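Below: entry_3.cif (mmCIF, C-alpha atoms)
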```
data_protein
#
loop_
_atom_site.label_atom_id
_atom_site.label_comp_id
_atom_site.auth_asym_id
_atom_site.auth_seq_id
_atom_site.Cartn_x
_atom_site.Cartn_y
_atom_site.Cartn_z
CA SER S 1 69.93 205.91 185.61
CA LEU S 2 71.61 207.47 182.61
CA VAL S 3 71.71 210.93 184.11
CA ASN S 4 73.24 210.04 187.49
CA SER S 5 76.29 208.39 185.98
CA PHE S 6 77.37 211.78 184.60
CA LEU S 7 77.53 213.59 187.89
CA ASP S 8 80.93 212.40 189.05
CA PHE S 9 82.82 212.97 185.79
CA PRO S 10 85.31 215.88 185.67
CA GLN S 11 83.88 219.00 184.07
CA LEU S 12 84.43 219.39 180.32
CA ARG S 13 86.88 222.20 179.62
CA ASN S 14 86.83 222.23 175.80
CA ASP S 15 83.40 221.68 174.25
CA THR S 16 84.30 223.11 170.82
CA PHE S 17 83.70 219.75 169.11
CA LEU S 18 80.22 219.37 170.64
CA ARG S 19 79.25 222.92 169.76
CA ALA S 20 80.41 222.50 166.15
CA ALA S 21 78.45 219.23 165.92
CA ARG S 22 75.33 221.20 166.90
CA GLY S 23 76.09 223.99 164.45
CA GLU S 24 76.83 226.58 167.15
CA GLU S 25 79.49 229.27 167.00
CA THR S 26 83.06 228.35 167.98
CA GLU S 27 86.35 230.24 168.44
CA HIS S 28 88.14 227.76 166.20
CA VAL S 29 87.24 224.77 164.05
CA PRO S 30 87.58 221.58 166.13
CA VAL S 31 89.70 218.75 164.77
CA TRP S 32 90.27 215.06 165.46
CA CYS S 33 91.39 212.15 163.26
CA MET S 34 90.00 208.74 162.58
CA ARG S 35 92.61 206.22 163.80
CA GLN S 36 94.32 208.96 165.81
CA ALA S 37 95.15 206.19 168.30
CA GLY S 38 97.18 204.06 165.93
CA ARG S 39 100.32 202.47 164.68
CA TYR S 40 101.81 205.75 163.39
CA LEU S 41 102.66 206.50 167.05
CA THR S 42 105.75 204.73 168.43
CA GLU S 43 104.18 204.65 171.90
CA PHE S 44 101.15 202.85 170.44
CA ARG S 45 103.32 200.20 168.77
CA GLU S 46 105.36 199.72 171.94
CA PHE S 47 102.26 199.39 174.11
CA ARG S 48 100.59 196.92 171.71
CA ALA S 49 103.73 194.81 171.06
CA GLY S 50 103.21 191.10 171.60
CA LYS S 51 99.60 191.51 172.78
CA ASP S 52 96.58 190.00 171.05
CA PHE S 53 94.51 192.73 169.39
CA PHE S 54 91.10 191.71 170.69
CA GLU S 55 92.51 191.00 174.17
CA THR S 56 93.68 194.62 174.13
CA CYS S 57 90.16 195.69 173.12
CA GLN S 58 88.80 193.75 176.10
CA SER S 59 91.08 195.49 178.62
CA PRO S 60 89.54 198.80 179.80
CA GLU S 61 92.96 199.98 181.07
CA ALA S 62 94.63 199.27 177.72
CA CYS S 63 91.84 200.99 175.75
CA CYS S 64 92.05 203.99 178.05
CA GLU S 65 95.83 204.32 177.62
CA LEU S 66 95.64 203.99 173.82
CA THR S 67 92.80 206.55 173.64
CA LEU S 68 94.81 209.08 175.69
CA GLN S 69 98.16 208.68 173.87
CA PRO S 70 97.38 211.02 170.94
CA LEU S 71 95.99 213.67 173.33
CA ARG S 72 99.34 213.89 175.09
CA ARG S 73 101.01 214.77 171.79
CA PHE S 74 98.48 216.82 169.85
CA GLY S 75 95.83 219.47 170.47
CA PHE S 76 92.92 217.32 169.27
CA ASP S 77 89.47 218.61 170.22
CA ALA S 78 88.00 215.13 170.74
CA ALA S 79 89.07 211.61 171.65
CA ILE S 80 87.52 208.44 170.26
CA ILE S 81 87.50 205.34 172.43
CA PHE S 82 90.00 202.71 171.28
CA SER S 83 87.99 199.67 170.20
CA ASP S 84 86.96 197.87 167.00
CA ILE S 85 83.75 197.62 164.98
CA LEU S 86 83.98 193.80 165.00
CA VAL S 87 83.23 193.48 168.71
CA ILE S 88 79.56 193.24 167.64
CA PRO S 89 79.92 190.08 165.51
CA GLN S 90 81.86 188.67 168.49
CA ALA S 91 78.96 189.53 170.80
CA LEU S 92 76.69 187.65 168.37
CA GLY S 93 78.83 184.55 168.93
CA MET S 94 81.18 184.70 165.95
CA ASP S 95 84.90 184.04 166.24
CA VAL S 96 87.05 186.93 164.94
CA GLN S 97 90.83 186.98 165.00
CA MET S 98 93.31 189.67 164.07
CA VAL S 99 95.85 188.00 161.76
CA ALA S 100 99.20 189.77 161.27
CA GLY S 101 99.60 191.04 157.73
CA LYS S 102 96.03 190.05 156.86
CA GLY S 103 93.77 191.95 159.24
CA PRO S 104 90.53 190.76 160.85
CA THR S 105 89.58 187.19 159.97
CA PHE S 106 86.48 185.08 160.65
CA PRO S 107 87.49 181.39 160.62
CA GLU S 108 83.82 180.43 160.07
CA PRO S 109 82.00 183.12 158.09
CA LEU S 110 78.28 182.98 157.30
CA LYS S 111 77.81 181.13 154.02
CA GLU S 112 74.08 180.49 153.65
CA PRO S 113 70.95 181.85 155.38
CA GLU S 114 70.73 178.80 157.67
CA ASP S 115 74.01 179.93 159.23
CA LEU S 116 72.06 182.76 160.89
CA GLN S 117 70.87 180.13 163.37
CA ARG S 118 74.43 179.99 164.73
CA LEU S 119 74.13 183.59 165.93
CA THR S 120 73.03 184.43 169.47
CA ALA S 121 69.36 185.38 169.15
CA LYS S 122 69.14 187.62 172.21
CA VAL S 123 72.46 189.30 172.98
CA ASP S 124 73.03 190.47 176.55
CA VAL S 125 74.88 193.63 175.49
CA GLY S 126 75.92 194.57 179.04
CA LYS S 127 77.48 191.16 179.57
CA GLU S 128 79.06 190.71 176.13
CA LEU S 129 80.26 194.29 175.56
CA GLY S 130 80.53 195.55 179.13
CA TYR S 131 84.30 195.82 178.70
CA VAL S 132 83.75 198.66 176.19
CA PHE S 133 81.47 200.46 178.65
CA LYS S 134 84.09 200.08 181.39
CA ALA S 135 86.75 201.47 179.03
CA ILE S 136 84.56 204.49 178.28
CA THR S 137 83.86 205.25 181.95
CA LEU S 138 87.53 204.87 182.92
CA THR S 139 88.64 207.06 180.01
CA ARG S 140 86.06 209.76 180.81
CA HIS S 141 87.65 210.04 184.26
CA LYS S 142 91.25 209.89 183.04
CA ILE S 143 90.70 212.48 180.27
CA GLU S 144 89.91 214.89 183.12
CA GLY S 145 87.52 216.95 180.99
CA LYS S 146 90.25 217.91 178.52
CA VAL S 147 88.08 217.06 175.46
CA PRO S 148 84.86 215.11 174.77
CA LEU S 149 84.97 211.34 174.31
CA ILE S 150 83.38 209.80 171.21
CA GLY S 151 81.88 206.31 171.25
CA PHE S 152 81.26 204.40 168.02
CA SER S 153 79.86 201.37 166.27
CA GLY S 154 80.08 199.76 162.88
CA ALA S 155 76.90 200.02 160.80
CA PRO S 156 74.79 196.95 159.96
CA TRP S 157 75.76 196.52 156.29
CA THR S 158 79.47 196.93 157.01
CA LEU S 159 79.29 194.34 159.79
CA MET S 160 77.19 192.00 157.64
CA SER S 161 79.74 192.17 154.82
CA TYR S 162 82.58 191.24 157.20
CA MET S 163 80.58 188.38 158.69
CA ILE S 164 79.94 186.87 155.24
CA GLU S 165 83.28 187.70 153.54
CA GLY S 166 85.21 186.46 156.56
CA GLY S 167 87.56 189.45 156.36
CA GLY S 168 88.54 192.32 154.11
CA SER S 169 87.58 192.16 150.43
CA ASN S 170 87.86 194.26 147.29
CA THR S 171 84.57 193.22 145.70
CA HIS S 172 82.50 192.09 148.69
CA SER S 173 80.93 189.74 146.17
CA LYS S 174 80.03 187.07 148.74
CA ALA S 175 78.14 189.58 150.85
CA LYS S 176 76.49 191.20 147.83
CA ARG S 177 75.48 187.76 146.57
CA TRP S 178 73.28 187.57 149.69
CA LEU S 179 71.59 190.85 148.78
CA TYR S 180 70.69 189.48 145.33
CA ARG S 181 69.91 185.88 146.29
CA HIS S 182 68.70 186.08 149.88
CA PRO S 183 67.05 189.48 150.37
CA GLU S 184 64.87 188.27 153.26
CA ALA S 185 67.75 186.69 155.15
CA SER S 186 69.80 189.84 154.49
CA HIS S 187 67.11 192.02 156.09
CA MET S 188 66.86 189.55 158.98
CA LEU S 189 70.58 189.82 159.67
CA LEU S 190 70.61 193.62 159.28
CA THR S 191 67.67 193.93 161.70
CA MET S 192 69.43 191.69 164.20
CA LEU S 193 72.57 193.82 163.98
CA THR S 194 70.58 197.06 164.25
CA ASP S 195 68.93 195.95 167.50
CA VAL S 196 72.31 195.16 169.07
CA ILE S 197 73.90 198.39 167.78
CA VAL S 198 71.11 200.56 169.26
CA GLU S 199 71.57 198.97 172.68
CA TYR S 200 75.35 199.14 172.35
CA LEU S 201 75.33 202.87 171.55
CA LEU S 202 72.91 203.64 174.39
CA GLY S 203 75.18 201.67 176.72
CA GLN S 204 78.13 203.75 175.58
CA VAL S 205 76.28 206.98 176.42
CA ALA S 206 75.27 205.62 179.83
CA ALA S 207 78.95 204.79 180.38
CA GLY S 208 80.01 208.35 179.51
CA ALA S 209 80.34 208.75 175.73
CA GLN S 210 79.59 212.38 174.80
CA ALA S 211 79.11 211.81 171.05
CA LEU S 212 78.59 208.78 168.83
CA GLN S 213 79.87 207.90 165.36
CA VAL S 214 78.43 205.16 163.14
CA PHE S 215 80.88 203.77 160.58
CA GLU S 216 79.40 202.52 157.30
CA SER S 217 82.87 201.78 155.95
CA HIS S 218 81.66 199.57 153.11
CA ALA S 219 78.98 201.90 151.73
CA GLY S 220 80.96 202.43 148.52
CA ILE S 221 80.61 198.82 147.45
CA LEU S 222 76.84 199.35 147.16
CA GLY S 223 75.16 201.30 144.38
CA PRO S 224 72.39 203.78 145.17
CA VAL S 225 69.61 201.17 144.85
CA HIS S 226 71.17 198.72 147.30
CA PHE S 227 72.29 201.50 149.60
CA ASN S 228 68.70 202.75 149.81
CA GLU S 229 67.45 199.28 150.64
CA TYR S 230 70.16 197.69 152.77
CA SER S 231 72.04 200.55 154.40
CA LEU S 232 70.13 203.82 154.69
CA PRO S 233 66.97 202.52 156.43
CA TYR S 234 69.09 200.88 159.13
CA LEU S 235 71.33 203.91 159.57
CA ARG S 236 68.18 206.04 160.01
CA ASP S 237 66.63 203.54 162.37
CA ILE S 238 69.72 203.54 164.60
CA ALA S 239 69.83 207.34 164.90
CA ARG S 240 66.10 207.66 165.46
CA ARG S 241 65.91 204.98 168.13
CA VAL S 242 69.02 206.16 169.99
CA LYS S 243 67.86 209.79 169.88
CA ASP S 244 64.34 208.89 171.09
CA GLU S 245 65.69 206.94 174.07
CA LEU S 246 68.12 209.71 174.99
CA LYS S 247 65.44 212.39 174.68
CA GLU S 248 63.37 210.53 177.27
CA ALA S 249 66.37 210.66 179.61
CA GLY S 250 66.71 214.39 178.89
CA GLN S 251 69.95 213.94 177.00
CA ASP S 252 71.24 215.22 173.70
CA VAL S 253 74.28 213.42 172.36
CA PRO S 254 75.46 214.43 168.87
CA MET S 255 75.54 211.57 166.36
CA ILE S 256 77.82 211.36 163.33
CA VAL S 257 77.31 209.10 160.32
CA PHE S 258 80.33 208.24 158.17
CA ALA S 259 79.39 206.33 155.03
CA LYS S 260 82.61 205.99 153.08
CA ASP S 261 82.34 206.46 149.29
CA ALA S 262 78.59 207.07 149.48
CA HIS S 263 78.90 210.36 147.59
CA TYR S 264 75.56 209.59 145.89
CA ALA S 265 73.80 209.59 149.28
CA VAL S 266 74.99 212.86 150.82
CA GLU S 267 71.50 214.45 150.61
CA ASP S 268 69.79 211.40 152.10
CA LEU S 269 72.34 211.12 154.89
CA SER S 270 71.79 214.77 155.80
CA GLN S 271 68.12 213.95 156.44
CA SER S 272 68.62 210.82 158.51
CA HIS S 273 68.45 212.10 162.13
CA TYR S 274 72.25 212.49 162.43
CA ASP S 275 73.68 215.82 163.57
CA VAL S 276 76.85 215.43 161.53
CA VAL S 277 77.65 213.82 158.18
CA GLY S 278 81.24 212.63 157.89
CA LEU S 279 82.73 212.83 154.39
CA ASP S 280 85.53 210.94 152.67
CA TRP S 281 88.13 212.77 150.58
CA THR S 282 86.40 212.16 147.22
CA ILE S 283 83.75 214.80 147.95
CA ASP S 284 84.13 218.50 147.19
CA PRO S 285 83.54 220.50 150.42
CA GLN S 286 81.56 223.28 148.78
CA SER S 287 79.25 220.96 146.89
CA ALA S 288 78.69 218.95 150.10
CA ARG S 289 77.60 222.19 151.80
CA GLU S 290 75.22 223.00 148.97
CA ARG S 291 73.80 219.49 148.77
CA THR S 292 73.16 219.28 152.52
CA GLY S 293 71.60 222.76 152.57
CA GLY S 294 72.92 223.66 156.02
CA LYS S 295 70.72 220.95 157.60
CA VAL S 296 73.67 219.26 159.30
CA SER S 297 77.22 219.89 160.40
CA LEU S 298 79.90 218.33 158.23
CA GLN S 299 83.04 216.43 159.22
CA GLY S 300 86.09 215.65 157.13
CA ASN S 301 87.63 215.30 154.67
CA MET S 302 91.33 215.80 153.95
CA ASP S 303 92.91 213.01 151.94
CA PRO S 304 94.93 211.03 154.52
CA CYS S 305 97.75 210.87 151.95
CA ALA S 306 98.04 214.66 152.16
CA LEU S 307 99.87 213.93 155.43
CA TYR S 308 102.79 212.72 153.30
CA ALA S 309 103.18 216.27 151.98
CA PRO S 310 105.73 218.69 153.49
CA LYS S 311 104.37 220.59 156.51
CA GLU S 312 103.96 223.98 154.79
CA ARG S 313 102.01 222.25 151.99
CA ILE S 314 99.72 220.65 154.62
CA SER S 315 98.97 224.14 155.91
CA ASP S 316 97.87 225.28 152.42
CA ILE S 317 95.74 222.17 151.89
CA VAL S 318 94.01 222.76 155.23
CA LYS S 319 93.37 226.44 154.47
CA LYS S 320 91.72 225.55 151.16
CA MET S 321 89.60 222.87 152.85
CA LEU S 322 88.43 225.33 155.53
CA GLU S 323 87.51 227.84 152.85
CA GLY S 324 85.45 225.17 151.09
CA PHE S 325 83.53 224.05 154.17
CA GLY S 326 83.29 227.38 155.98
CA THR S 327 83.97 227.58 159.71
CA ARG S 328 80.44 227.11 161.10
CA GLY S 329 78.99 223.63 161.69
CA TYR S 330 82.26 222.06 160.69
CA ILE S 331 84.58 219.51 162.30
CA ALA S 332 87.93 219.05 160.57
CA ASN S 333 89.08 215.46 160.09
CA LEU S 334 90.67 213.23 157.50
CA GLY S 335 88.53 211.57 154.84
CA HIS S 336 89.60 208.22 156.31
CA GLY S 337 91.99 207.02 159.02
CA VAL S 338 95.65 207.87 159.65
CA TYR S 339 97.90 205.34 157.89
CA PRO S 340 100.53 203.49 159.96
CA ASP S 341 103.55 204.89 158.08
CA MET S 342 102.68 208.55 158.59
CA ASP S 343 104.98 210.93 160.43
CA PRO S 344 103.38 212.02 163.73
CA GLU S 345 104.85 215.50 163.19
CA ASN S 346 102.72 215.86 160.08
CA VAL S 347 99.62 214.92 162.05
CA GLY S 348 100.60 217.67 164.49
CA ALA S 349 101.03 220.10 161.60
CA PHE S 350 97.51 219.22 160.39
CA VAL S 351 95.98 219.92 163.81
CA GLU S 352 97.87 223.20 164.22
CA ALA S 353 96.94 224.38 160.72
CA VAL S 354 93.24 223.78 161.40
CA HIS S 355 93.36 225.78 164.62
CA GLN S 356 95.51 228.58 163.26
CA HIS S 357 93.71 229.18 159.94
CA SER S 358 90.23 228.79 161.42
CA LYS S 359 90.92 231.27 164.25
CA GLN S 360 91.98 233.87 161.67
CA MET S 361 88.97 233.16 159.45
CA ILE S 362 86.52 233.40 162.35
CA LYS S 363 88.06 236.70 163.55
CA LYS S 364 87.49 238.19 160.09
CA ILE S 365 83.79 237.33 160.16
#
```

Could you write out this structure as structure tokens?
Amino acid sequence: SLVNSFLDFPQLRNDTFLRAARGEETEHVPVWCMRQAGRYLTEFREFRAGKDFFETCQSPEACCELTLQPLRRFGFDAAIIFSDILVIPQALGMDVQMVAGKGPTFPEPLKEPEDLQRLTAKVDVGKELGYVFKAITLTRHKIEGKVPLIGFSGAPWTLMSYMIEGGGSNTHSKAKRWLYRHPEASHMLLTMLTDVIVEYLLGQVAAGAQALQVFESHAGILGPVHFNEYSLPYLRDIARRVKDELKEAGQDVPMIVFAKDAHYAVEDLSQSHYDVVGLDWTIDPQSARERTGGKVSLQGNMDPCALYAPKERISDIVKKMLEGFGTRGYIANLGHGVYPDMDPENVGAFVEAVHQHSKQMIKKI
């Protein structure tokens, strides 16, 4: 059962991130970074050298090592399992390759609605994605209770757009063409993805994930009308179904939604069963607080490019950000992932500034 699998994990020593996610008081503001396990670390590049990306994703030992690397260097308050959002299209039977200099590539993307027949109708999530669950369990042990471990998934629209575009895109016009020309097939595909994602996230919790983040990375390519039809209902559905299942097992795992560039949907996202709304750097912290009315915790949202600034400047930027968000119900993060050419020392300066400034601010309250 879900509950028994937790008994043999080392005790959690720093639950600041989980408490902030639930809006409880903390001694400092917790901080972690998207892509904190990444190419900006020399040890990451050395470990990954010459290995196929998705083969690495399929090795629990490799994922565990890559997840732990940033924790050895920095005082992050959470770890996120090393994996990729595109493991779900793979589980549905699609071929995805990581092409050097190009990124993820689908040799045979979905072109027309009849292509949906190529997808596996009933995915055995345990069999197809069991390697992620193994990675989570192994990492939970190896982290030794230092910080909580976050599991994650891509959101349905973001995965759909990859599966149709066949890779990255500026306009996502092939995927959006489906929304305009094949609305029924679009909903069919999004429903299919949602069902797999729900099971996948529940499997991650059973394996030991202590929080979950859903990445709607391509939200910004949709306008409000399409977002409300093709993204939001599925995001809500995922959170509701996962939460309901967990409640039955007597568990409460904080869930974070990160819909990049969906500034027009901040209010809606704050009323979608998620505990935390992750924000990109285009959103003003104070207005995000006002618009969400204290209903949720917030996560974000320093411009990743601020890490190119000198260290003392990073400290000032962080202080201003903390003042905008306030220290309660807040998880500091970047408004997107760490870029590969960033200096690890500047990432360290970011983490230290969050801890230092927030401790002082909380003392004053």

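The shortest atom-to-atom distance to Asp303 of chain S, with all atoms listed in the file taken into account, belongs to S:Trp281 out of S:Phe54, S:Tyr200, S:Trp281, S:Tyr162.
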
Rows by chain and residue number, segment 150-258 of chain S within 12 Å of segment 320-336 of chain S, shortest pair, all atoms listed in the file, as a Markdown table:
```
| residue | atom | partner | partner_atom | distance |
| --- | --- | --- | --- | --- |
| S:Phe215 | CA | S:His336 | CA | 10.7 |
| S:Glu216 | CA | S:His336 | CA | 11.7 |
| S:Ser217 | CA | S:His336 | CA | 9.3 |
| S:Ile256 | CA | S:Ile331 | CA | 10.6 |
| S:Phe258 | CA | S:His336 | CA | 9.5 |
```

Write out as a short mmCIF file (atom, residue, chain, number, x, y, z; two decimals) with C-alpha atoms, keeping the file's coordinate frame each polymer residue whose atoms come within 12 Å of Gln271 of chain S, counting all atoms listed in the file; drop sequence neighbours fewer than 4 positions from it.
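This went into around04.cif:
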```cif
data_model
loop_
_atom_site.label_atom_id
_atom_site.label_comp_id
_atom_site.auth_asym_id
_atom_site.auth_seq_id
_atom_site.Cartn_x
_atom_site.Cartn_y
_atom_site.Cartn_z
CA LEU S 232 70.13 203.82 154.69
CA PRO S 233 66.97 202.52 156.43
CA LEU S 235 71.33 203.91 159.57
CA ARG S 236 68.18 206.04 160.01
CA ALA S 239 69.83 207.34 164.90
CA ARG S 240 66.10 207.66 165.46
CA VAL S 257 77.31 209.10 160.32
CA ALA S 265 73.80 209.59 149.28
CA VAL S 266 74.99 212.86 150.82
CA GLU S 267 71.50 214.45 150.61
CA ASP S 275 73.68 215.82 163.57
CA VAL S 276 76.85 215.43 161.53
CA VAL S 277 77.65 213.82 158.18
CA ARG S 291 73.80 219.49 148.77
CA THR S 292 73.16 219.28 152.52
CA GLY S 293 71.60 222.76 152.57
CA GLY S 294 72.92 223.66 156.02
CA LYS S 295 70.72 220.95 157.60
CA VAL S 296 73.67 219.26 159.30
CA SER S 297 77.22 219.89 160.40
#
```

Legend entry - Residues within 6 Å of segment 124-129 of chain S, all atoms listed in the file, excluding chain neighbours under 2 positions, as a list in words: Ala91, Tyr131 and Val132 of chain S

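With atom CA of Lys176 of chain S on one side and atom CA of Phe53 of chain S on the other, the separation reads 28.1 Å.
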
Inset, instruction - Could you please give me, as a ChimeraX atom specification, the residues of protein, DNA or RNA lying at most 10 Å from (70.6, 199.0, 173.6) in the coordinate frame of the file, considering all atoms listed in the file? - result: /S:123-126,194-204,241-242,245

Inset, instruction - May I have the protein, DNA and RNA residues with any atom at most 12 Å from the point (83.7, 194.6, 148.3), counting only C-alpha atoms, written as a ChimeraX atom specification? - result: /S:157-158,160-162,164-177,217-223,261

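With atom CA of Glu108 of chain S on one side and atom CA of Tyr339 of chain S on the other, the separation reads 28.7 Å.
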
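Residues matched by the PyMOL selection byres ((chain S and resi 33-38) around 6) in this file: Trp32, Arg39, Tyr40, Leu66, Thr67, Pro70, Asn333, Leu334, Gly337 and Val338 of chain S.
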
For the file shown, what are the residues hit by the PyMOL selection byres ((chain S and resi 62-64) around 9), laid out as a short mmCIF file (atom, residue, chain, number, x, y, z; two decimals) with C-alpha atoms, in the frame of the given file?
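Once written, result_14.cif looks like this:
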```cif
data_model
loop_
_atom_site.label_atom_id
_atom_site.label_comp_id
_atom_site.auth_asym_id
_atom_site.auth_seq_id
_atom_site.Cartn_x
_atom_site.Cartn_y
_atom_site.Cartn_z
CA PHE S 47 102.26 199.39 174.11
CA ARG S 48 100.59 196.92 171.71
CA THR S 56 93.68 194.62 174.13
CA CYS S 57 90.16 195.69 173.12
CA GLN S 58 88.80 193.75 176.10
CA SER S 59 91.08 195.49 178.62
CA PRO S 60 89.54 198.80 179.80
CA GLU S 61 92.96 199.98 181.07
CA GLU S 65 95.83 204.32 177.62
CA LEU S 66 95.64 203.99 173.82
CA THR S 67 92.80 206.55 173.64
CA LEU S 68 94.81 209.08 175.69
CA GLN S 69 98.16 208.68 173.87
CA ILE S 81 87.50 205.34 172.43
CA PHE S 82 90.00 202.71 171.28
CA SER S 83 87.99 199.67 170.20
CA VAL S 132 83.75 198.66 176.19
CA ALA S 135 86.75 201.47 179.03
CA ILE S 136 84.56 204.49 178.28
CA LEU S 138 87.53 204.87 182.92
CA THR S 139 88.64 207.06 180.01
CA ARG S 140 86.06 209.76 180.81
CA LYS S 142 91.25 209.89 183.04
CA ILE S 143 90.70 212.48 180.27
#
```

Inset, instruction - Go through the shown structure with the PyMOL selection byres ((chain S and resi 25-29) around 6) and write out the matching residues as number ranges by chain. - result: S: 24, 30, 355, 358-359

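If you look at atom CA of Asn301 of chain S and atom CA of Val253 of chain S, they are 22.2 Å away from each other.
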
Inset, instruction - Have a look at S:Ile150, S:Leu179, S:Cys305, S:Val96 and name the one nearest to Ser231 of chain S; count all atoms listed in the file. - result: S:Leu179

Inset, instruction - Write out as a ChimeraX atom specification each polymer residue whose atoms come within 8 Å of Asp77 of chain S, counting all atoms listed in the file; drop sequence neighbours fewer than 6 positions from it. - result: /S:14-17,30-32,147-148

Pull out segment 70-93 of chain S, keep C-alpha atoms, and write it as a short mmCIF file (atom, residue, chain, number, x, y, z; two decimals), in the first residue's frame.
```cif
data_model
loop_
_atom_site.label_atom_id
_atom_site.label_comp_id
_atom_site.auth_asym_id
_atom_site.auth_seq_id
_atom_site.Cartn_x
_atom_site.Cartn_y
_atom_site.Cartn_z
CA PRO S 70 23.40 20.04 -6.80
CA LEU S 71 22.63 19.19 -3.15
CA ARG S 72 26.30 18.48 -2.51
CA ARG S 73 27.18 21.99 -3.67
CA PHE S 74 24.30 24.20 -2.58
CA GLY S 75 21.91 24.58 0.34
CA PHE S 76 18.77 23.90 -1.71
CA ASP S 77 15.65 23.14 0.34
CA ALA S 78 14.29 20.60 -2.16
CA ALA S 79 15.49 18.19 -4.83
CA ILE S 80 13.61 17.38 -8.03
CA ILE S 81 14.05 13.94 -9.55
CA PHE S 82 16.17 13.98 -12.70
CA SER S 83 13.92 12.90 -15.58
CA ASP S 84 12.16 14.41 -18.59
CA ILE S 85 8.56 15.34 -19.41
CA LEU S 86 8.74 13.36 -22.68
CA VAL S 87 8.86 9.97 -20.96
CA ILE S 88 5.04 10.04 -21.21
CA PRO S 89 4.85 10.21 -25.03
CA GLN S 90 7.41 7.37 -24.97
CA ALA S 91 5.13 5.36 -22.68
CA LEU S 92 2.34 5.95 -25.21
CA GLY S 93 4.51 4.25 -27.84
#
```
